[in-house]
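target.cif follows (mmCIF, C-alpha atoms):
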data_start
#
loop_
_atom_site.label_atom_id
_atom_site.label_comp_id
_atom_site.auth_asym_id
_atom_site.auth_seq_id
_atom_site.Cartn_x
_atom_site.Cartn_y
_atom_site.Cartn_z
CA MET W 1 -1.24 22.01 -3.94
CA ALA W 2 -3.97 20.34 -1.93
CA ASN W 3 -3.98 21.07 1.81
CA GLN W 4 -4.64 17.43 2.65
CA LEU W 5 -1.55 15.25 2.67
CA ARG W 6 -0.83 11.54 2.64
CA ILE W 7 1.66 11.22 5.51
CA VAL W 8 3.57 8.06 6.43
CA HIS W 9 5.60 7.83 9.65
CA CYS W 10 8.40 5.25 9.55
CA PHE W 11 10.28 4.12 12.66
CA ARG W 12 11.71 0.92 14.06
CA SER W 13 10.66 0.31 17.64
CA PRO W 14 7.06 1.09 18.71
CA VAL W 15 7.96 1.72 22.35
CA GLY W 16 9.02 4.69 24.46
CA GLY W 17 9.29 8.31 23.41
CA ILE W 18 9.39 7.86 19.62
CA PHE W 19 6.13 5.90 19.64
CA ARG W 20 4.56 8.45 21.94
CA HIS W 21 5.68 11.28 19.63
CA VAL W 22 4.26 9.55 16.56
CA ARG W 23 0.93 8.85 18.29
CA ASP W 24 0.47 12.47 19.31
CA LEU W 25 1.54 13.73 15.90
CA THR W 26 -0.76 11.39 13.96
CA GLU W 27 -3.70 12.35 16.19
CA ALA W 28 -3.17 16.04 15.45
CA GLN W 29 -2.60 15.42 11.74
CA ILE W 30 -5.78 13.38 11.42
CA ALA W 31 -7.70 16.18 13.16
CA SER W 32 -6.30 18.55 10.50
CA GLY W 33 -7.75 16.36 7.72
CA HIS W 34 -4.62 14.52 6.60
CA SER W 35 -4.48 10.82 5.72
CA VAL W 36 -1.88 9.15 7.93
CA GLY W 37 -0.20 5.74 8.14
CA ILE W 38 2.50 4.03 10.20
CA VAL W 39 5.25 1.59 9.16
CA CYS W 40 7.30 0.05 11.98
CA ASP W 41 8.89 -3.09 13.41
CA SER W 42 6.77 -6.12 14.25
CA THR W 43 9.17 -7.79 16.69
CA THR W 44 9.27 -5.19 19.48
CA GLY W 45 6.57 -4.03 21.88
CA GLY W 46 4.24 -6.04 24.10
CA GLU W 47 0.62 -6.15 25.20
CA PHE W 48 0.61 -2.48 26.20
CA GLU W 49 1.77 -1.39 22.75
CA GLU W 50 -0.69 -3.77 21.07
CA ARG W 51 -3.55 -2.05 22.90
CA LEU W 52 -2.26 1.32 21.74
CA PHE W 53 -2.16 0.12 18.14
CA GLU W 54 -5.72 -1.21 18.45
CA SER W 55 -6.93 2.18 19.66
CA MET W 56 -5.38 3.85 16.60
CA THR W 57 -6.44 1.42 13.88
CA ASP W 58 -9.76 2.94 12.88
CA SER W 59 -8.45 6.48 12.60
CA LEU W 60 -5.41 5.82 10.38
CA ALA W 61 -6.61 6.04 6.77
CA LEU W 62 -3.29 4.65 5.46
CA GLY W 63 -3.21 1.89 8.10
CA ILE W 64 -0.66 0.36 10.45
CA HIS W 65 1.94 -1.81 8.73
CA ARG W 66 4.35 -3.85 10.85
CA THR W 67 7.26 -5.84 9.44
CA PRO W 68 10.47 -7.18 11.05
CA MET W 69 13.23 -4.55 11.31
CA GLN W 70 16.63 -5.21 12.88
CA ARG W 71 17.96 -2.80 15.48
CA HIS W 72 21.56 -3.08 14.25
CA VAL W 73 22.91 -3.05 10.72
CA GLY W 74 23.30 -6.58 9.38
CA PRO W 75 22.53 -9.03 6.54
CA GLY W 76 18.86 -9.12 7.47
CA ASP W 77 18.59 -5.43 6.62
CA LEU W 78 18.34 -6.14 2.90
CA ALA W 79 15.24 -8.30 3.23
CA SER W 80 13.76 -5.91 5.81
CA ALA W 81 14.43 -2.89 3.60
CA TRP W 82 12.81 -4.51 0.56
CA ARG W 83 9.67 -5.41 2.53
CA THR W 84 9.44 -1.91 3.97
CA TYR W 85 9.96 -0.25 0.58
CA ARG W 86 7.14 -2.28 -1.00
CA ILE W 87 4.77 -1.27 1.82
CA ILE W 88 5.64 2.42 1.52
CA LYS W 89 5.38 2.37 -2.28
CA GLU W 90 1.83 1.01 -2.03
CA LEU W 91 0.86 3.83 0.36
CA ARG W 92 1.84 6.58 -2.17
CA PRO W 93 2.84 9.18 0.45
CA ASP W 94 3.25 12.91 -0.11
CA VAL W 95 5.33 13.04 3.07
CA LEU W 96 7.67 10.38 4.45
CA HIS W 97 8.66 11.24 8.03
CA GLY W 98 11.37 9.01 9.49
CA HIS W 99 11.96 8.80 13.24
CA GLY W 100 15.17 7.46 14.83
CA ALA W 101 18.21 6.20 12.95
CA LYS W 102 16.63 3.20 11.20
CA GLY W 103 13.32 4.91 10.41
CA GLY W 104 15.17 7.96 9.17
CA ALA W 105 17.35 5.92 6.84
CA TYR W 106 14.39 4.04 5.39
CA ALA W 107 12.23 7.14 4.94
CA ARG W 108 14.92 9.11 3.14
CA LEU W 109 16.18 6.31 0.90
CA PHE W 110 12.74 5.05 -0.06
CA GLY W 111 11.41 8.57 -0.51
CA SER W 112 14.26 9.18 -2.94
CA LEU W 113 13.45 5.99 -4.85
CA LEU W 114 9.81 7.02 -5.11
CA ARG W 115 10.82 10.39 -6.52
CA VAL W 116 12.49 8.62 -9.45
CA SER W 117 9.15 7.25 -10.63
CA ARG W 118 6.48 9.68 -9.42
CA SER W 119 5.73 13.17 -8.16
CA ARG W 120 7.67 14.79 -5.35
CA VAL W 121 7.80 13.15 -1.92
CA ALA W 122 8.94 15.24 1.05
CA ARG W 123 11.59 13.40 3.10
CA LEU W 124 11.86 14.50 6.73
CA TYR W 125 13.98 13.09 9.53
CA SER W 126 13.64 13.40 13.31
CA PRO W 127 16.73 11.82 14.97
CA HIS W 128 15.21 11.59 18.50
CA GLY W 129 18.72 11.03 19.83
CA GLY W 130 19.31 7.87 17.78
CA SER W 131 22.79 7.70 16.31
CA LEU W 132 23.73 10.90 18.19
CA HIS W 133 24.21 8.82 21.35
CA TYR W 134 27.38 7.32 19.84
CA ASP W 135 30.81 8.62 20.81
CA GLU W 136 32.32 10.47 17.83
CA THR W 137 35.82 9.26 18.74
CA THR W 138 34.95 5.54 18.28
CA ALA W 139 34.97 3.63 14.99
CA THR W 140 31.23 2.97 15.30
CA GLY W 141 30.49 6.62 15.94
CA LYS W 142 32.62 7.77 13.03
CA LEU W 143 30.82 5.33 10.73
CA PHE W 144 27.33 6.44 11.77
CA PHE W 145 28.16 10.14 11.55
CA ALA W 146 29.70 9.65 8.10
CA LEU W 147 26.46 7.94 7.07
CA GLU W 148 24.44 10.85 8.45
CA ARG W 149 26.51 13.30 6.40
CA PHE W 150 25.98 11.14 3.30
CA MET W 151 22.23 10.89 3.94
CA ALA W 152 21.85 14.69 4.00
CA ARG W 153 21.63 14.66 0.19
CA PHE W 154 18.46 12.55 0.49
CA THR W 155 16.86 14.76 3.19
CA ASP W 156 14.54 17.73 2.69
CA CYS W 157 14.38 18.81 6.34
CA LEU W 158 15.80 17.84 9.73
CA LEU W 159 13.47 18.21 12.72
CA PHE W 160 15.20 18.45 16.11
CA VAL W 161 13.27 17.95 19.36
CA SER W 162 15.70 19.98 21.50
CA ASP W 163 18.37 22.59 21.06
CA TYR W 164 20.74 20.11 22.71
CA GLU W 165 20.04 17.63 19.90
CA ARG W 166 20.72 20.28 17.27
CA ARG W 167 23.97 21.36 18.95
CA THR W 168 25.07 17.72 19.24
CA TRP W 169 24.36 17.18 15.54
CA ARG W 170 26.50 20.18 14.65
CA ARG W 171 29.34 18.94 16.86
CA LYS W 172 29.30 15.28 15.81
CA VAL W 173 27.96 15.35 12.25
CA GLY W 174 28.57 18.94 11.14
CA GLU W 175 26.50 21.97 10.18
CA PRO W 176 23.43 20.65 8.32
CA PRO W 177 23.59 21.65 4.62
CA ILE W 178 19.80 21.39 4.45
CA PRO W 179 16.85 23.17 6.14
CA ASN W 180 16.44 22.27 9.81
CA THR W 181 14.22 23.43 12.62
CA LEU W 182 13.64 22.95 16.35
CA VAL W 183 10.20 21.65 17.33
CA TYR W 184 9.72 20.63 20.95
CA ASN W 185 7.68 17.55 21.84
CA GLY W 186 4.16 18.49 22.89
CA LEU W 187 1.41 17.26 25.23
CA ARG W 188 -2.36 17.15 24.76
CA ALA W 189 -4.47 19.60 26.79
CA VAL W 190 -5.89 16.82 28.98
CA GLU W 191 -2.38 15.95 30.16
CA PHE W 192 -2.11 19.25 32.01
CA GLU W 193 -4.74 18.10 34.51
CA PRO W 194 -3.17 17.37 37.96
CA VAL W 195 -2.71 13.76 39.08
CA GLY W 196 -2.93 12.76 42.74
CA SER W 197 -1.50 9.75 44.56
CA VAL W 198 -3.17 6.59 45.84
CA PRO W 199 -3.41 6.28 49.67
CA ASP W 200 -0.59 3.73 49.91
CA ALA W 201 1.65 5.45 47.35
CA ALA W 202 5.34 4.56 47.29
CA ASP W 203 8.01 7.16 47.89
CA LEU W 204 9.51 6.94 44.41
CA LEU W 205 8.67 6.00 40.83
CA TYR W 206 10.87 5.04 37.89
CA ILE W 207 9.00 4.65 34.60
CA GLY W 208 10.72 3.88 31.32
CA MET W 209 12.66 1.32 29.35
CA MET W 210 14.69 -1.14 31.41
CA ARG W 211 18.11 -0.49 29.92
CA ASP W 212 21.23 1.12 31.37
CA LEU W 213 20.98 4.14 29.05
CA LYS W 214 17.87 5.16 31.00
CA GLY W 215 19.54 4.65 34.40
CA PRO W 216 17.46 2.07 36.34
CA ASP W 217 20.70 0.90 37.97
CA ILE W 218 21.43 4.46 39.13
CA PHE W 219 17.91 4.68 40.56
CA ILE W 220 18.26 1.45 42.55
CA ASP W 221 21.67 2.37 43.97
CA ALA W 222 20.41 5.83 44.96
CA LEU W 223 17.33 4.30 46.58
CA ALA W 224 19.55 2.36 48.97
CA LEU W 225 21.80 5.36 49.66
CA ALA W 226 18.92 7.75 50.36
CA GLY W 227 17.26 5.21 52.66
CA ASN W 228 20.44 5.01 54.73
CA ARG W 229 20.65 8.80 54.95
CA LEU W 230 17.02 9.18 55.99
CA GLY W 231 17.19 6.30 58.45
CA ARG W 232 14.34 4.34 56.85
CA ARG W 233 13.74 1.99 53.95
CA LEU W 234 12.31 3.88 50.99
CA SER W 235 9.63 2.27 48.85
CA ALA W 236 9.68 2.40 45.07
CA VAL W 237 7.79 1.29 41.99
CA MET W 238 9.62 0.55 38.75
CA VAL W 239 7.41 0.47 35.64
CA GLY W 240 8.69 -0.77 32.30
CA ASP W 241 10.18 -3.62 30.34
CA GLY W 242 13.39 -4.44 28.53
CA ASP W 243 16.17 -6.97 28.07
CA ASP W 244 18.06 -5.79 31.18
CA LEU W 245 15.11 -6.22 33.55
CA PRO W 246 16.43 -9.46 35.17
CA ARG W 247 19.65 -7.66 36.07
CA TYR W 248 17.73 -4.96 37.94
CA HIS W 249 15.77 -7.60 39.84
CA GLU W 250 19.12 -9.06 40.91
CA GLN W 251 20.45 -5.63 41.90
CA VAL W 252 17.44 -5.06 44.16
CA LYS W 253 18.05 -8.41 45.87
CA ARG W 254 21.77 -7.76 46.24
CA LEU W 255 21.12 -4.45 48.02
CA GLY W 256 18.55 -5.97 50.36
CA LEU W 257 15.64 -4.00 48.90
CA ASP W 258 13.33 -7.01 48.42
CA GLY W 259 9.84 -6.09 49.51
CA HIS W 260 10.54 -2.38 49.07
CA VAL W 261 10.66 -2.26 45.25
CA ARG W 262 7.76 -3.34 43.03
CA PHE W 263 8.34 -4.08 39.35
CA LEU W 264 5.32 -3.54 37.11
CA PRO W 265 4.82 -3.93 33.34
CA PRO W 266 4.37 -0.90 31.05
CA MET W 267 1.26 1.18 31.69
CA PRO W 268 0.01 4.70 30.82
CA ALA W 269 2.23 7.27 32.50
CA ARG W 270 -0.63 9.04 34.29
CA ASP W 271 -1.71 5.74 35.84
CA ALA W 272 1.85 5.15 37.02
CA PHE W 273 2.08 8.67 38.51
CA THR W 274 -0.60 7.81 41.06
CA LEU W 275 1.61 5.07 42.51
CA ALA W 276 4.29 7.34 44.04
CA GLU W 277 4.94 10.76 45.52
CA LEU W 278 8.17 11.63 43.68
CA ILE W 279 9.17 10.68 40.13
CA VAL W 280 12.80 10.14 39.10
CA VAL W 281 14.29 10.24 35.58
CA PRO W 282 17.92 9.03 36.03
CA SER W 283 18.87 8.77 32.32
CA ARG W 284 22.44 8.81 31.09
CA ALA W 285 21.34 10.23 27.72
CA GLU W 286 18.15 11.75 26.31
CA ALA W 287 16.95 13.98 23.48
CA MET W 288 13.70 15.54 24.79
CA PRO W 289 11.97 12.90 26.96
CA TYR W 290 8.19 12.92 27.11
CA ILE W 291 8.19 11.45 30.60
CA VAL W 292 9.67 14.66 32.03
CA LEU W 293 7.02 16.78 30.31
CA GLU W 294 4.23 14.41 31.36
CA THR W 295 5.35 14.39 34.98
CA LEU W 296 5.49 18.18 35.26
CA ALA W 297 2.20 18.67 33.40
CA ALA W 298 0.55 16.27 35.86
CA GLY W 299 1.76 18.43 38.75
CA LYS W 300 4.07 15.80 40.22
CA PRO W 301 7.46 16.69 41.72
CA MET W 302 10.47 15.09 40.11
CA ILE W 303 14.25 14.77 39.99
CA ALA W 304 15.91 14.39 36.58
CA THR W 305 19.40 14.21 35.17
CA ALA W 306 20.76 17.26 33.35
CA VAL W 307 21.25 15.42 30.05
CA GLY W 308 20.03 16.12 26.54
CA GLY W 309 17.21 18.64 26.32
CA ILE W 310 16.03 18.21 29.93
CA PRO W 311 17.66 21.47 31.15
CA GLU W 312 15.68 23.29 28.43
CA ILE W 313 12.51 22.28 30.29
CA PHE W 314 13.61 23.20 33.83
CA GLY W 315 16.20 25.90 33.24
CA GLU W 316 19.94 25.25 33.56
CA THR W 317 20.15 26.20 37.27
CA SER W 318 17.16 24.22 38.56
CA ARG W 319 17.71 22.27 41.78
CA ALA W 320 15.69 19.43 40.24
CA LEU W 321 18.64 18.59 37.98
CA ILE W 322 21.51 16.27 38.86
CA ARG W 323 24.29 14.35 37.13
CA PRO W 324 23.58 10.67 36.31
CA ASP W 325 25.33 9.62 39.51
CA PRO W 326 23.89 7.47 42.35
CA ASN W 327 25.50 9.52 45.11
CA GLN W 328 24.19 12.82 43.81
CA LEU W 329 20.75 11.32 43.23
CA GLY W 330 20.78 9.83 46.74
CA ASP W 331 21.55 13.24 48.24
CA ARG W 332 18.80 14.96 46.21
CA LEU W 333 16.27 12.26 47.13
CA SER W 334 17.06 12.77 50.80
CA ASP W 335 16.57 16.54 50.51
CA ALA W 336 13.35 16.31 48.49
CA LEU W 337 11.68 13.68 50.66
CA ALA W 338 12.55 15.60 53.83
CA ASP W 339 10.12 18.38 52.71
CA LEU W 340 8.24 17.34 49.59
CA GLY W 341 5.91 20.34 49.73
CA ALA W 342 8.80 22.79 49.55
CA TYR W 343 10.44 20.75 46.80
CA GLN W 344 7.20 20.76 44.77
CA ARG W 345 7.35 24.56 44.58
CA LEU W 346 10.62 24.34 42.63
CA MET W 347 8.85 22.78 39.61
CA PRO W 348 8.06 24.82 36.44
CA GLY W 349 4.52 26.22 36.26
CA ALA W 350 1.76 24.86 34.02
CA PRO W 351 1.14 28.07 31.96
CA ASP W 352 4.75 28.20 30.76
CA LEU W 353 4.77 24.47 30.00
CA LYS W 354 1.55 24.73 27.94
CA ALA W 355 2.90 27.62 25.88
CA ARG W 356 6.15 25.84 25.04
CA PHE W 357 5.19 22.16 25.00
CA GLY W 358 1.61 21.90 23.71
CA ALA W 359 0.78 19.23 21.11
CA ASP W 360 -1.04 21.84 19.03
CA VAL W 361 2.12 23.95 18.84
CA MET W 362 4.22 20.89 17.91
CA ALA W 363 1.86 19.70 15.16
CA ALA W 364 1.48 23.16 13.61
CA GLU W 365 5.25 23.65 13.36
CA ILE W 366 5.80 20.21 11.84
CA GLU W 367 3.01 20.71 9.32
CA LYS W 368 4.66 23.99 8.32
CA ALA W 369 7.90 22.06 7.73
CA TYR W 370 6.06 19.50 5.57
CA PHE W 371 4.59 22.10 3.23
CA ALA W 372 7.88 24.00 3.04
CA ALA W 373 9.67 20.77 2.02
CA LEU W 374 7.08 20.11 -0.68
CA ARG W 375 7.51 23.60 -2.11
CA ARG W 376 11.29 23.28 -2.52
#

Take the structure from the file and write it as structure tokens.
Amino acid sequence: MANQLRIVHCFRSPVGGIFRHVRDLTEAQIASGHSVGIVCDSTTGGEFEERLFESMTDSLALGIHRTPMQRHVGPGDLASAWRTYRIIKELRPDVLHGHGAKGGAYARLFGSLLRVSRSRVARLYSPHGGSLHYDETTATGKLFFALERFMARFTDCLLFVSDYERRTWRRKVGEPPIPNTLVYNGLRAVEFEPVGSVPDAADLLYIGMMRDLKGPDIFIDALALAGNRLGRRLSAVMVGDGDDLPRYHEQVKRLGLDGHVRFLPPMPARDAFTLAELIVVPSRAEAMPYIVLETLAAGKPMIATAVGGIPEIFGETSRALIRPDPNQLGDRLSDALADLGAYQRLMPGAPDLKARFGADVMAAEIEKAYFAALRR
């Protein structure tokens, strides 16, 4: 078997952590001599994502292919699926790696169809949270988890980005009847260089998608509470985009925080880190968020919710962890900002982070999973 592979990554939305994961993975795979391509949705993402795609175009031997993909299951899925299948068939992949619920479904189904007519295609699936965010007691959750159990027969390997994700899969879907492995998200070496702050830096930064799952509303409420406790108005920058953004603008106005909160469009995380002294990740649910790793690697202090795989980064008992609750976040903000230097010393050290969350480690483990899947 040749060591060079034709690898296609399939996912729906080219924003946030999944897109970041795919970019890092493709970069490492190209450096290892593989031919790589991307298939994803054409209706999501903005100027920031377009610039990222442009920077990748010349290096991807199998190209970037964007076609409309619906977020939710519906009639349009049939047309979308047919378009996506035709693209993937033309690319003749050795490995089809699906990311997220929709990308995972497409990669496994289309990989199975390709195996009917040609040599073996390895079908791998990284949930990245995805359908695991659903409540298993609801009708929707039961449907999705039944589909995940059904799809196992079309899957050669499951790749989990946190032990939390793997435990959740076992609880909601069941013990995987197929090979599975834990591979943490990883950062490039340059991302472990410290980042300072601009002279007029704000107190706090939120960076991420503007949707309730990620907790911008919790952040804004806690900002007002902590300001009251400290006896001064706190300043904040909120970086990101999403359908719920107008609602957060209204929340800021309602709480009298106009002039103290700046909303900015998506930008590279390390650029955003310079804009504030303390970074907050107030998510209600996560798998293994890159933004937490990026913040710590850049040497910035942070407060994060103890959801998903985040405690695996900090340690279960870290004082940096809170529940996704405005009052608890407000209290922790007050404590941290009262002595930011002391709070900084609570953060995990760079050597441990590099050993556990390096992009080279991530890519090597995933490549190992690819070749193992092809040998089965």

Exercise. Could you check which of W:Ile220, W:Leu204, W:Leu132, W:Val39 is closest to Arg170 of chain W, using all atoms listed in the file?
Key: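 Among W:Ile220, W:Leu204, W:Leu132, W:Val39, it is W:Leu132 that comes nearest to Arg170 of chain W.
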
If we count all atoms listed in the file and set the cut-off at 9 Å, which residues sit around Thr305 of chain W, ignoring sequence neighbours fewer than 6 positions away in its own chain? Please answer as a tab-separated table (two decimals) with C-alpha atoms, keeping the file's coordinate frame.
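Result saved to part_3.tsv:
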chain	number	residue	atom	x	y	z
W	280	VAL	CA	12.80	10.14	39.10
W	281	VAL	CA	14.29	10.24	35.58
W	282	PRO	CA	17.92	9.03	36.03
W	283	SER	CA	18.87	8.77	32.32
W	284	ARG	CA	22.44	8.81	31.09
W	285	ALA	CA	21.34	10.23	27.72
W	311	PRO	CA	17.66	21.47	31.15
W	320	ALA	CA	15.69	19.43	40.24
W	321	LEU	CA	18.64	18.59	37.98
W	322	ILE	CA	21.51	16.27	38.86
W	323	ARG	CA	24.29	14.35	37.13
W	324	PRO	CA	23.58	10.67	36.31
W	325	ASP	CA	25.33	9.62	39.51
W	329	LEU	CA	20.75	11.32	43.23

Practice problem: Go through W:Leu353, W:Leu257, W:Ala359, W:Leu213 one by one, measure the shortest atom-to-atom distance of each to Leu225 of chain W using all atoms listed in the file, and give the residue with the smallest value. | Solution: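 Between W:Leu353, W:Leu257, W:Ala359, W:Leu213, the residue approaching Leu225 of chain W most closely is W:Leu257.
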
Could I get the residues of segment 229-317 of chain W with an atom no further than 12 Å from an atom of segment 50-56 of chain W, each paired with its nearest atom pair and that distance in Å to one decimal, using only C-alpha atoms, sorted by chain and residue number, as a Markdown table?
| residue | atom | partner | partner_atom | distance |
| --- | --- | --- | --- | --- |
| W:Pro266 | CA | W:Arg51 | CA | 11.4 |
| W:Met267 | CA | W:Arg51 | CA | 10.5 |
| W:Pro268 | CA | W:Leu52 | CA | 10.0 |

Output for the residues just chosen: C-alpha atoms as a PDB file, in the frame of the given file:
ATOM      1  CA  PRO W 266       4.370  -0.900  31.050  1.00  0.00           C
ATOM      2  CA  MET W 267       1.260   1.180  31.690  1.00  0.00           C
ATOM      3  CA  PRO W 268       0.010   4.700  30.820  1.00  0.00           C
TER       4      PRO W 268
END

Quiz item: When you draw a straight line from atom CA of Gly309 of chain W to atom CA of Gly174 of chain W, how long is it in Å?
Solution: 19.0 Å

Can you tell me, as a PDB file with C-alpha atoms, keeping the file's coordinate frame, which residues sit within 7 Å of (17.7, 23.7, 4.2) in the file's frame, using all atoms listed in the file?
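And here is the file that came out, selection-v5.pdb:
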ATOM      1  CA  ASP W 156      14.540  17.730   2.690  1.00  0.00           C
ATOM      2  CA  CYS W 157      14.380  18.810   6.340  1.00  0.00           C
ATOM      3  CA  PRO W 177      23.590  21.650   4.620  1.00  0.00           C
ATOM      4  CA  ILE W 178      19.800  21.390   4.450  1.00  0.00           C
ATOM      5  CA  PRO W 179      16.850  23.170   6.140  1.00  0.00           C
ATOM      6  CA  ASN W 180      16.440  22.270   9.810  1.00  0.00           C
TER       7      ASN W 180
END

Practice problem: Compute the distance from (26.8, -4.0, 50.1) to each atom, counting all atoms listed in the file, keep the residues with any atom at most 12 Å away, and return them as an MDAnalysis selection string; use the coordinates of the file. | Solution: chainID W and resid 221 224:225 228 251:257

Quiz item: Of the candidates W:Val8, W:Leu143, W:Leu234, W:Ala61, which shows the shortest atom-to-atom distance to His99 of chain W, using all atoms listed in the file?
Solution: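 Closest candidate: W:Val8.
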